[in-house]
>>> print(open('upload.txt').read())   # compact mmCIF, C-alpha atoms
# COMPACT_ATOMS: atom_id res chain seq x y z
CA MET A 150 162.66 80.77 135.25
CA THR A 151 159.35 80.21 136.99
CA ILE A 152 156.32 78.12 136.26
CA GLY A 153 153.02 78.77 137.92
CA PRO A 154 150.27 76.42 139.00
CA TYR A 155 147.04 75.85 137.12
CA LEU A 156 145.31 79.10 138.04
CA GLU A 157 141.56 79.34 138.55
CA PHE A 158 140.40 82.94 138.00
CA ASP A 159 137.24 84.11 139.73
CA ALA A 160 134.99 86.95 138.65
CA GLY A 161 136.36 90.31 139.65
CA GLU A 162 139.91 89.15 140.25
CA ALA A 163 142.26 91.95 139.25
CA GLY A 164 145.02 89.70 138.00
CA VAL A 165 148.01 87.72 139.12
CA ASN A 166 151.50 88.95 139.93
CA TYR A 167 154.25 86.99 138.22
CA ASP A 168 157.83 86.68 139.35
CA ILE A 169 159.33 86.82 135.89
CA GLY A 170 163.01 86.52 136.62
CA ALA A 171 165.91 87.19 134.27
CA THR A 172 165.23 84.34 131.82
CA GLY A 173 161.47 84.47 131.46
CA ALA A 174 158.51 82.55 132.79
CA VAL A 175 155.80 80.14 131.71
CA GLU A 176 152.40 80.27 133.42
CA MET A 177 149.67 77.69 132.89
CA SER A 178 146.09 78.85 133.41
CA ILE A 179 142.51 77.68 133.48
CA VAL A 180 140.41 80.84 133.29
CA SER A 181 136.85 80.15 134.35
CA ASP A 182 135.43 83.67 134.72
CA CYS A 183 137.61 86.74 134.40
CA ASP A 184 137.51 90.44 133.65
CA ALA A 185 140.93 91.87 134.34
CA GLU A 186 143.26 94.68 133.46
CA SER A 187 146.31 93.73 131.42
CA ILE A 188 149.34 95.34 133.03
CA PRO A 189 151.95 96.92 130.69
CA ARG A 190 155.24 95.04 130.92
CA PRO A 191 158.74 95.71 129.55
CA MET A 192 158.74 92.38 127.71
CA THR A 193 157.17 90.41 124.89
CA VAL A 194 154.32 88.17 126.05
CA LEU A 195 152.84 85.21 124.16
CA LYS A 196 149.31 84.22 125.16
CA TYR A 197 148.40 80.75 123.89
CA VAL A 198 144.86 79.35 124.08
CA ALA A 199 144.32 75.59 123.87
CA GLU A 200 140.58 75.50 124.67
CA GLY A 201 137.90 78.16 124.74
CA ALA A 202 138.70 81.71 123.70
CA GLU A 203 140.26 84.78 125.32
CA ILE A 204 139.50 88.36 124.31
CA TYR A 205 141.93 91.25 124.77
CA SER A 206 141.55 94.98 124.17
CA TYR A 207 144.62 97.09 123.42
CA GLY A 208 144.75 100.60 122.00
CA GLY A 209 141.08 100.64 121.06
CA ARG A 210 141.24 97.33 119.16
CA THR A 211 139.85 93.96 120.19
CA TYR A 212 141.90 90.79 119.71
CA ARG A 213 140.07 87.47 119.93
CA VAL A 214 142.39 84.53 120.62
CA PRO A 215 140.45 81.35 119.78
CA ALA A 216 141.53 77.82 120.59
CA ASN A 217 144.73 76.68 118.84
CA SER A 218 146.07 80.20 118.39
CA PHE A 219 148.31 82.64 120.23
CA LEU A 220 148.63 86.38 120.67
CA VAL A 221 152.02 88.07 120.34
CA LEU A 222 151.85 91.05 122.69
CA PRO A 223 154.78 93.47 122.30
CA GLU A 224 156.22 95.17 125.35
CA GLY A 225 154.46 98.14 126.90
CA ASN A 226 150.90 97.34 125.81
CA CYS A 227 148.14 97.64 128.40
CA GLY A 228 144.43 96.98 128.18
CA SER A 229 141.79 94.57 129.39
CA ALA A 230 141.20 90.84 129.18
CA THR A 231 138.20 88.54 129.43
CA ILE A 232 137.03 85.18 128.08
CA ASP A 233 134.22 84.04 125.79
CA ARG A 234 131.94 82.60 128.45
CA THR A 235 129.77 80.84 125.87
CA LEU A 236 132.68 78.45 125.27
CA GLY A 237 133.37 77.69 128.93
CA PRO A 238 136.78 78.01 130.64
CA ALA A 239 139.76 79.17 128.61
CA VAL A 240 142.69 76.80 129.04
CA GLY A 241 146.05 78.14 128.01
CA MET A 242 149.50 79.41 128.79
CA CYS A 243 151.33 82.74 129.10
CA ILE A 244 154.98 82.96 128.12
CA PHE A 245 156.97 85.97 129.31
CA LEU A 246 160.11 86.96 127.40
CA PRO A 247 161.68 89.86 129.30
CA ARG A 248 164.70 90.46 127.10
CA GLN A 249 163.59 93.90 125.97
CA GLY A 250 163.96 94.65 122.28
CA GLN A 251 165.61 91.33 121.46
CA PHE A 252 163.46 90.71 118.37
CA CYS A 253 163.65 94.18 116.86
CA GLY A 254 166.19 93.25 114.23
CA ALA A 255 164.11 90.40 112.83
CA ALA A 256 160.73 91.99 112.34
CA ASP A 257 158.89 94.73 110.52
CA PRO A 258 158.41 97.49 113.11
CA ALA A 259 154.63 97.01 112.90
CA LEU A 260 155.03 93.50 114.31
CA ILE A 261 156.90 94.65 117.40
CA GLU A 262 154.63 97.61 118.10
CA ALA A 263 151.12 96.13 117.88
CA PRO A 264 149.53 92.85 119.02
CA VAL A 265 148.94 90.14 116.41
CA VAL A 266 147.08 86.82 116.66
CA PHE A 267 148.57 83.80 114.85
CA PRO A 268 147.15 80.32 114.24
CA ALA A 269 149.26 77.79 116.14
CA ARG A 270 148.88 75.05 113.55
CA SER A 271 150.50 76.97 110.71
CA SER A 272 154.04 77.48 112.03
CA ARG A 273 156.83 75.57 113.73
CA LEU A 274 156.81 78.01 116.64
CA GLY A 275 153.07 77.53 117.13
CA GLY A 276 153.50 73.77 117.03
CA VAL A 277 156.23 73.88 119.68
CA ILE A 278 154.09 76.06 121.95
CA ALA A 279 151.04 73.81 121.56
CA SER A 280 152.94 70.56 122.10
CA THR A 281 154.77 71.98 125.13
CA HIS A 282 151.47 73.07 126.66
CA ARG A 283 150.09 69.55 126.28
CA ARG A 284 153.18 68.05 127.87
CA ILE A 285 153.25 70.50 130.77
CA PHE A 286 149.53 70.05 131.34
CA SER A 287 149.96 66.31 131.91
CA ALA A 288 153.41 66.41 133.55
CA SER A 289 154.21 66.11 137.22
CA ALA A 290 155.28 69.12 139.29
CA ILE A 291 158.85 67.84 139.16
CA GLU A 292 158.86 67.65 135.35
CA ARG A 293 157.26 71.02 134.59
CA PRO A 294 160.27 73.32 135.20
CA ALA A 295 162.44 71.44 132.71
CA LEU A 296 159.72 71.53 130.05
CA SER A 297 159.25 75.24 130.67
CA ARG A 298 162.99 75.88 130.43
CA ASN A 299 163.20 73.99 127.13
CA LEU A 300 160.43 76.13 125.68
CA LEU A 301 162.12 79.36 126.76
CA ASP A 302 165.43 78.16 125.31
CA TYR A 303 163.71 77.42 121.99
CA LEU A 304 162.03 80.83 121.92
CA ASP A 305 165.43 82.47 122.39
CA TYR A 306 166.04 81.86 118.69
CA GLY A 307 162.69 80.54 117.43
CA MET A 308 160.86 83.78 118.09
CA GLU A 309 163.25 85.79 115.95
CA ALA A 310 162.90 83.32 113.07
CA PHE A 311 159.11 83.36 113.42
CA LEU A 312 158.87 87.15 113.28
CA GLY A 313 161.23 87.15 110.33
CA GLU A 314 158.87 84.78 108.50
CA ALA A 315 155.89 86.99 109.36
CA THR A 316 157.77 90.01 108.05
CA ALA A 317 158.49 88.16 104.81
CA LEU A 318 154.76 87.53 104.43
CA MET A 319 154.00 91.22 104.97
CA ASP A 320 156.58 92.11 102.35
CA GLN A 321 154.48 90.25 99.76
CA PHE A 322 151.70 92.83 100.06
CA ASP A 323 151.83 95.78 97.70
CA SER A 324 150.63 98.35 100.23
CA VAL A 325 153.16 100.98 101.27
CA LYS A 326 151.75 101.62 104.74
CA ARG A 327 152.95 99.35 107.56
CA ALA A 328 149.57 99.56 109.29
CA THR A 329 147.80 98.32 106.15
CA ARG A 330 150.23 95.43 105.70
CA LEU A 331 149.74 94.47 109.34
CA GLU A 332 145.97 94.56 108.92
CA HIS A 333 146.25 92.28 105.89
CA LEU A 334 148.32 89.87 107.95
CA ARG A 335 145.79 89.91 110.79
CA ARG A 336 142.87 89.13 108.49
CA LEU A 337 144.77 86.44 106.62
CA ASN A 338 145.65 84.85 109.96
CA ILE A 339 141.93 84.76 110.79
CA ALA A 340 141.25 83.07 107.46
CA ARG A 341 144.11 80.63 107.85
CA HIS A 342 143.05 79.68 111.38
CA TYR A 343 139.52 79.01 110.11
CA LEU A 344 140.83 76.70 107.40
CA HIS A 345 143.01 74.78 109.86
CA GLU A 346 140.07 74.28 112.22
CA ILE A 347 137.63 72.95 109.61
CA THR A 348 138.85 69.69 108.08
CA ASP A 349 135.55 67.87 107.57
CA ARG A 350 134.25 69.85 104.58
CA ILE A 351 135.14 72.32 101.85
CA VAL A 352 135.09 75.99 102.86
CA ASP A 353 134.12 78.14 99.91
CA LEU A 354 135.66 81.53 99.24
CA ALA A 355 132.51 83.49 100.12
CA GLU A 356 132.30 81.87 103.56
CA LEU A 357 135.99 82.46 104.23
CA ALA A 358 135.73 86.09 103.10
CA ARG A 359 132.82 86.73 105.48
CA TRP A 360 134.73 85.15 108.36
CA SER A 361 137.89 87.17 107.76
CA GLY A 362 136.17 90.47 106.95
CA MET A 363 137.60 90.77 103.45
CA SER A 364 136.13 90.81 99.98
CA ARG A 365 136.45 87.59 98.00
CA PHE A 366 138.70 89.27 95.46
CA GLN A 367 141.00 90.80 98.09
CA LEU A 368 141.17 87.56 100.09
CA ALA A 369 142.01 85.42 97.07
CA ARG A 370 144.65 87.88 95.84
CA LEU A 371 146.39 88.49 99.18
CA PHE A 372 146.20 84.87 100.32
CA THR A 373 147.89 83.72 97.12
CA GLN A 374 150.51 86.44 97.41
CA ALA A 375 151.33 85.46 101.00
CA PHE A 376 151.16 81.66 100.86
CA GLY A 377 151.83 80.86 97.22
CA GLU A 378 148.48 79.20 96.51
CA PRO A 379 144.78 80.08 96.65
CA PRO A 380 142.72 79.30 99.76
CA ALA A 381 141.01 76.27 98.21
CA THR A 382 144.33 74.58 97.38
CA TYR A 383 145.75 75.43 100.81
CA HIS A 384 142.68 74.00 102.51
CA ARG A 385 142.69 70.81 100.44
CA SER A 386 146.26 70.18 101.62
CA ILE A 387 145.16 70.61 105.25
CA ARG A 388 142.30 68.14 104.77
CA LEU A 389 144.59 65.66 103.06
CA ASP A 390 147.13 65.92 105.87
CA ALA A 391 144.39 65.18 108.41
CA ALA A 392 143.17 62.27 106.29
CA ARG A 393 146.68 60.83 106.06
CA VAL A 394 146.92 60.67 109.86
CA ARG A 395 143.68 58.70 109.98
CA MET A 396 144.77 56.42 107.14
CA ARG A 397 147.87 55.49 109.11
CA GLU A 398 145.75 54.66 112.13
CA GLY A 399 144.04 52.03 110.01
CA ALA A 400 140.69 51.96 111.81
CA GLU A 401 138.51 53.28 108.96
CA THR A 402 138.00 52.58 105.29
CA CYS A 403 139.24 54.88 102.56
CA ALA A 404 135.66 55.83 101.70
CA GLU A 405 134.87 56.71 105.31
CA ILE A 406 137.92 58.93 105.63
CA ALA A 407 137.25 60.58 102.26
CA HIS A 408 133.72 61.45 103.36
CA SER A 409 134.93 62.70 106.77
CA HIS A 410 137.22 65.24 105.12
CA GLY A 411 134.89 66.63 102.48
CA PHE A 412 135.86 64.62 99.38
CA ALA A 413 133.09 63.63 96.99
CA ASP A 414 134.06 59.97 96.85
CA SER A 415 137.01 57.62 97.39
CA ALA A 416 138.17 57.96 93.77
CA HIS A 417 138.39 61.75 94.04
CA PHE A 418 140.13 61.41 97.39
CA SER A 419 142.64 58.87 96.06
CA ARG A 420 143.60 61.11 93.12
CA ALA A 421 144.11 64.13 95.36
CA TYR A 422 146.01 62.05 97.92
CA LYS A 423 148.40 60.63 95.31
CA THR A 424 149.01 64.10 93.84
CA ARG A 425 149.97 65.46 97.25
CA PHE A 426 151.94 62.55 98.70
CA GLY A 427 153.11 60.63 95.64
CA GLU A 428 151.47 57.41 96.82
CA SER A 429 148.03 55.88 97.12
CA PRO A 430 146.10 56.08 100.39
CA SER A 431 146.53 52.34 100.90
CA ALA A 432 150.30 52.83 101.11
CA ALA A 433 149.79 54.79 104.33
CA ARG A 434 148.50 51.63 105.97
CA LEU A 435 151.91 50.02 105.57
CA GLN A 436 153.87 52.80 107.28
>>> encode(input="upload.txt", output="structure tokens")
Amino acid sequence: MTIGPYLEFDAGEAGVNYDIGATGAVEMSIVSDCDAESIPRPMTVLKYVAEGAEIYSYGGRTYRVPANSFLVLPEGNCGSATIDRTLGPAVGMCIFLPRQGQFCGAADPALIEAPVVFPARSSRLGGVIASTHRRIFSASAIERPALSRNLLDYLDYGMEAFLGEATALMDQFDSVKRATRLEHLRRLNIARHYLHEITDRIVDLAELARWSGMSRFQLARLFTQAFGEPPATYHRSIRLDAARVRMREGAETCAEIAHSHGFADSAHFSRAYKTRFGESPSAARLQ
């Protein structure tokens, strides 16, 4: 197991050589200006972005990895990488899992053959990656190897479960072709990431459809198939979860929090909150 330093990339740098080792590696990075070739590796690589955005090209397709998301890059892929310079440096983490083919039994073949971007906030695996990045980022040099090792140990079984869940989502789609199901998953992940990032207002279906590159009808149908509820209901739950955190902090009034998360008034907010959590917003103050 290895863990690298915080790496500053300069323009024109061809890349960094990693000593992966038998059990994997975790590399932290702050990419300030980079156009590099992505070297094909006999391993699965996870590329997590905490701030900014990274852009990868593989097999003629472009994969944008915005903040709070991660790219699953199956073994053997090669291409190019850069950042969205309009957003400043890209802060993130690369996780190398060199146990070739270890996830094949858990996933639809499409998931282990082509890159896919996932929102970090919508899965346990994404949450573990994001929280570990935050901890490593602020940890001392002595503490970082243990945190890295814990993450790799978790991914030993967590990655298989995660890909199994993604496969189950793909199985909900009625298309026969694997490539079509994978494309549905990609676009739904774009939509889901957008909903998780916007918690201060309602996102209507037309806006979400434009963002994800789907028709409103297709988005509503596939989103409900995959996640068991329409986008509006899913997004309301996200906004209520965010509001609950602020209610427990106790620094703002119910009306202020309701307005901050796109609810018409405190009465509307209170009804929705009680439906979701089985208690009034004021009860959160006591916890």
>>> residues_around(input="upload.txt", residues="Tyr207 in chain A", least_positions_apart="3", cutoff="7 Å", atoms="only C-alpha atoms", output="short mmCIF file (atom, residue, chain, number, x, y, z; two decimals) with C-alpha atoms, in the coordinates of the input")
data_model
loop_
_atom_site.label_atom_id
_atom_site.label_comp_id
_atom_site.auth_asym_id
_atom_site.auth_seq_id
_atom_site.Cartn_x
_atom_site.Cartn_y
_atom_site.Cartn_z
CA ARG A 210 141.24 97.33 119.16
CA THR A 211 139.85 93.96 120.19
CA ASN A 226 150.90 97.34 125.81
CA CYS A 227 148.14 97.64 128.40
CA GLY A 228 144.43 96.98 128.18
#
>>> closest_atom_pairs(input="upload.txt", of="range 244-300 of chain A", to="range 322-346 of chain A", cutoff="10 Å", atoms="only C-alpha atoms", output="CSV")
residue,atom,partner,partner_atom,distance
A:Asp257,CA,A:Arg327,CA,8.1
A:Pro258,CA,A:Arg327,CA,8.0
A:Ala259,CA,A:Arg327,CA,6.1
A:Leu260,CA,A:Leu331,CA,7.3
A:Ala263,CA,A:Leu331,CA,8.8
A:Pro264,CA,A:Arg335,CA,9.5
A:Val265,CA,A:Arg335,CA,6.4
A:Val266,CA,A:Arg335,CA,6.8
A:Phe267,CA,A:Asn338,CA,5.8
A:Pro268,CA,A:His342,CA,5.0
A:Ala269,CA,A:His342,CA,8.0
A:Arg270,CA,A:His345,CA,6.9
A:Ser271,CA,A:His345,CA,7.8
>>> atom_distance(input="upload.txt", atom1="CA of Gly201 in chain A", atom2="CA of Gly241 in chain A")
8.8 Å
>>> atom_distance(input="upload.txt", atom1="CA of Met192 in chain A", atom2="CA of Leu246 in chain A")
5.6 Å
>>> closest_residue(input="upload.txt", among="A:Ala432, A:Ala369, A:Ala310, A:Cys243", to="Arg393 in chain A", atoms="all atoms listed in the file")
A:Ala432
>>> closest_residue(input="upload.txt", among="A:Ile204, A:Ala421, A:Ala358, A:Ala288", to="Ala392 in chain A", atoms="only C-alpha atoms")
A:Ala421
>>> residues_around(input="upload.txt", residues="Asp233 in chain A", least_positions_apart="3", cutoff="10 Å", atoms="all atoms listed in the file", output="list of chain:residue names")
A:Ser181, A:Asp182, A:Cys183, A:Gly201, A:Ala202, A:Glu203, A:Ile204, A:Arg213, A:Val214, A:Pro215, A:Leu236, A:Gly237, A:Pro238, A:Ala239
>>> atom_distance(input="upload.txt", atom1="CA of Arg370 in chain A", atom2="CA of Ser386 in chain A")
18.7 Å
>>> residues_near_point(input="upload.txt", point="(155.0, 76.2, 116.5)", cutoff="12 Å", atoms="all atoms listed in the file", output="list in words")
Tyr197, Asn217, Ser218, Phe219, Phe267, Pro268, Ala269, Arg270, Ser271, Ser272, Arg273, Leu274, Gly275, Gly276, Val277, Ile278, Ala279, Ser280, Thr281, His282, Leu300, Tyr303, Leu304, Gly307, Met308, Ala310 and Phe311 of chain A
>>> closest_residue(input="upload.txt", among="A:Tyr383, A:Phe366, A:Phe376, A:Tyr422", to="Glu314 in chain A", atoms="all atoms listed in the file")
A:Phe376
>>> closest_residue(input="upload.txt", among="A:Glu292, A:Glu176, A:Glu200, A:Asp302", to="Phe245 in chain A", atoms="all atoms listed in the file")
A:Glu176
>>> closest_residue(input="upload.txt", among="A:Glu356, A:Asp414, A:Glu401, A:Asp320", to="Leu371 in chain A", atoms="all atoms listed in the file")
A:Asp320
>>> closest_residue(input="upload.txt", among="A:Glu224, A:Glu262, A:Asp305, A:Asp349", to="Arg385 in chain A", atoms="only C-alpha atoms")
A:Asp349
>>> build_atoms(input="upload.txt", residues="range 198-214 of chain A", atoms="N, CA, C and O atoms", output="PDB file, in the frame of the given file")
ATOM      1  N   VAL A 198     146.131  79.915 123.637  1.00  0.00           N
ATOM      2  CA  VAL A 198     144.860  79.350 124.080  1.00  0.00           C
ATOM      3  C   VAL A 198     144.705  77.962 123.471  1.00  0.00           C
ATOM      4  O   VAL A 198     144.761  77.801 122.241  1.00  0.00           O
ATOM      5  N   ALA A 199     144.516  76.968 124.323  1.00  0.00           N
ATOM      6  CA  ALA A 199     144.320  75.590 123.870  1.00  0.00           C
ATOM      7  C   ALA A 199     142.842  75.234 123.764  1.00  0.00           C
ATOM      8  O   ALA A 199     142.436  74.479 122.876  1.00  0.00           O
ATOM      9  N   GLU A 200     142.022  75.756 124.672  1.00  0.00           N
ATOM     10  CA  GLU A 200     140.580  75.500 124.670  1.00  0.00           C
ATOM     11  C   GLU A 200     139.858  76.785 125.023  1.00  0.00           C
ATOM     12  O   GLU A 200     140.361  77.613 125.793  1.00  0.00           O
ATOM     13  N   GLY A 201     138.654  76.945 124.481  1.00  0.00           N
ATOM     14  CA  GLY A 201     137.900  78.160 124.740  1.00  0.00           C
ATOM     15  C   GLY A 201     138.395  79.324 123.901  1.00  0.00           C
ATOM     16  O   GLY A 201     138.940  79.132 122.811  1.00  0.00           O
ATOM     17  N   ALA A 202     138.225  80.518 124.406  1.00  0.00           N
ATOM     18  CA  ALA A 202     138.700  81.710 123.700  1.00  0.00           C
ATOM     19  C   ALA A 202     138.916  82.837 124.708  1.00  0.00           C
ATOM     20  O   ALA A 202     138.140  82.985 125.657  1.00  0.00           O
ATOM     21  N   GLU A 203     139.982  83.605 124.497  1.00  0.00           N
ATOM     22  CA  GLU A 203     140.260  84.780 125.320  1.00  0.00           C
ATOM     23  C   GLU A 203     140.143  86.026 124.447  1.00  0.00           C
ATOM     24  O   GLU A 203     140.424  85.975 123.245  1.00  0.00           O
ATOM     25  N   ILE A 204     139.731  87.127 125.052  1.00  0.00           N
ATOM     26  CA  ILE A 204     139.500  88.360 124.310  1.00  0.00           C
ATOM     27  C   ILE A 204     140.258  89.489 124.998  1.00  0.00           C
ATOM     28  O   ILE A 204     140.081  89.732 126.201  1.00  0.00           O
ATOM     29  N   TYR A 205     141.097  90.175 124.236  1.00  0.00           N
ATOM     30  CA  TYR A 205     141.930  91.250 124.770  1.00  0.00           C
ATOM     31  C   TYR A 205     141.611  92.549 124.039  1.00  0.00           C
ATOM     32  O   TYR A 205     141.297  92.548 122.845  1.00  0.00           O
ATOM     33  N   SER A 206     141.727  93.655 124.762  1.00  0.00           N
ATOM     34  CA  SER A 206     141.550  94.980 124.170  1.00  0.00           C
ATOM     35  C   SER A 206     142.808  95.798 124.412  1.00  0.00           C
ATOM     36  O   SER A 206     143.231  95.975 125.561  1.00  0.00           O
ATOM     37  N   TYR A 207     143.414  96.280 123.326  1.00  0.00           N
ATOM     38  CA  TYR A 207     144.620  97.090 123.420  1.00  0.00           C
ATOM     39  C   TYR A 207     144.499  98.246 122.427  1.00  0.00           C
ATOM     40  O   TYR A 207     144.191  98.033 121.247  1.00  0.00           O
ATOM     41  N   GLY A 208     144.724  99.450 122.895  1.00  0.00           N
ATOM     42  CA  GLY A 208     144.750 100.600 122.000  1.00  0.00           C
ATOM     43  C   GLY A 208     143.483 100.788 121.187  1.00  0.00           C
ATOM     44  O   GLY A 208     143.549 101.219 120.032  1.00  0.00           O
ATOM     45  N   GLY A 209     142.335 100.462 121.768  1.00  0.00           N
ATOM     46  CA  GLY A 209     141.080 100.640 121.060  1.00  0.00           C
ATOM     47  C   GLY A 209     140.710  99.521 120.114  1.00  0.00           C
ATOM     48  O   GLY A 209     139.666  99.583 119.458  1.00  0.00           O
ATOM     49  N   ARG A 210     141.529  98.472 120.033  1.00  0.00           N
ATOM     50  CA  ARG A 210     141.240  97.330 119.160  1.00  0.00           C
ATOM     51  C   ARG A 210     140.975  96.097 120.030  1.00  0.00           C
ATOM     52  O   ARG A 210     141.530  95.964 121.130  1.00  0.00           O
ATOM     53  N   THR A 211     140.152  95.208 119.504  1.00  0.00           N
ATOM     54  CA  THR A 211     139.850  93.960 120.190  1.00  0.00           C
ATOM     55  C   THR A 211     140.539  92.807 119.478  1.00  0.00           C
ATOM     56  O   THR A 211     140.492  92.711 118.239  1.00  0.00           O
ATOM     57  N   TYR A 212     141.175  91.929 120.250  1.00  0.00           N
ATOM     58  CA  TYR A 212     141.900  90.790 119.710  1.00  0.00           C
ATOM     59  C   TYR A 212     141.311  89.508 120.307  1.00  0.00           C
ATOM     60  O   TYR A 212     141.464  89.244 121.500  1.00  0.00           O
ATOM     61  N   ARG A 213     140.640  88.744 119.487  1.00  0.00           N
ATOM     62  CA  ARG A 213     140.070  87.470 119.930  1.00  0.00           C
ATOM     63  C   ARG A 213     141.110  86.376 119.683  1.00  0.00           C
ATOM     64  O   ARG A 213     141.617  86.233 118.561  1.00  0.00           O
ATOM     65  N   VAL A 214     141.410  85.612 120.722  1.00  0.00           N
ATOM     66  CA  VAL A 214     142.390  84.530 120.620  1.00  0.00           C
ATOM     67  C   VAL A 214     141.615  83.215 120.785  1.00  0.00           C
ATOM     68  O   VAL A 214     141.351  82.773 121.908  1.00  0.00           O
TER      69      VAL A 214
END
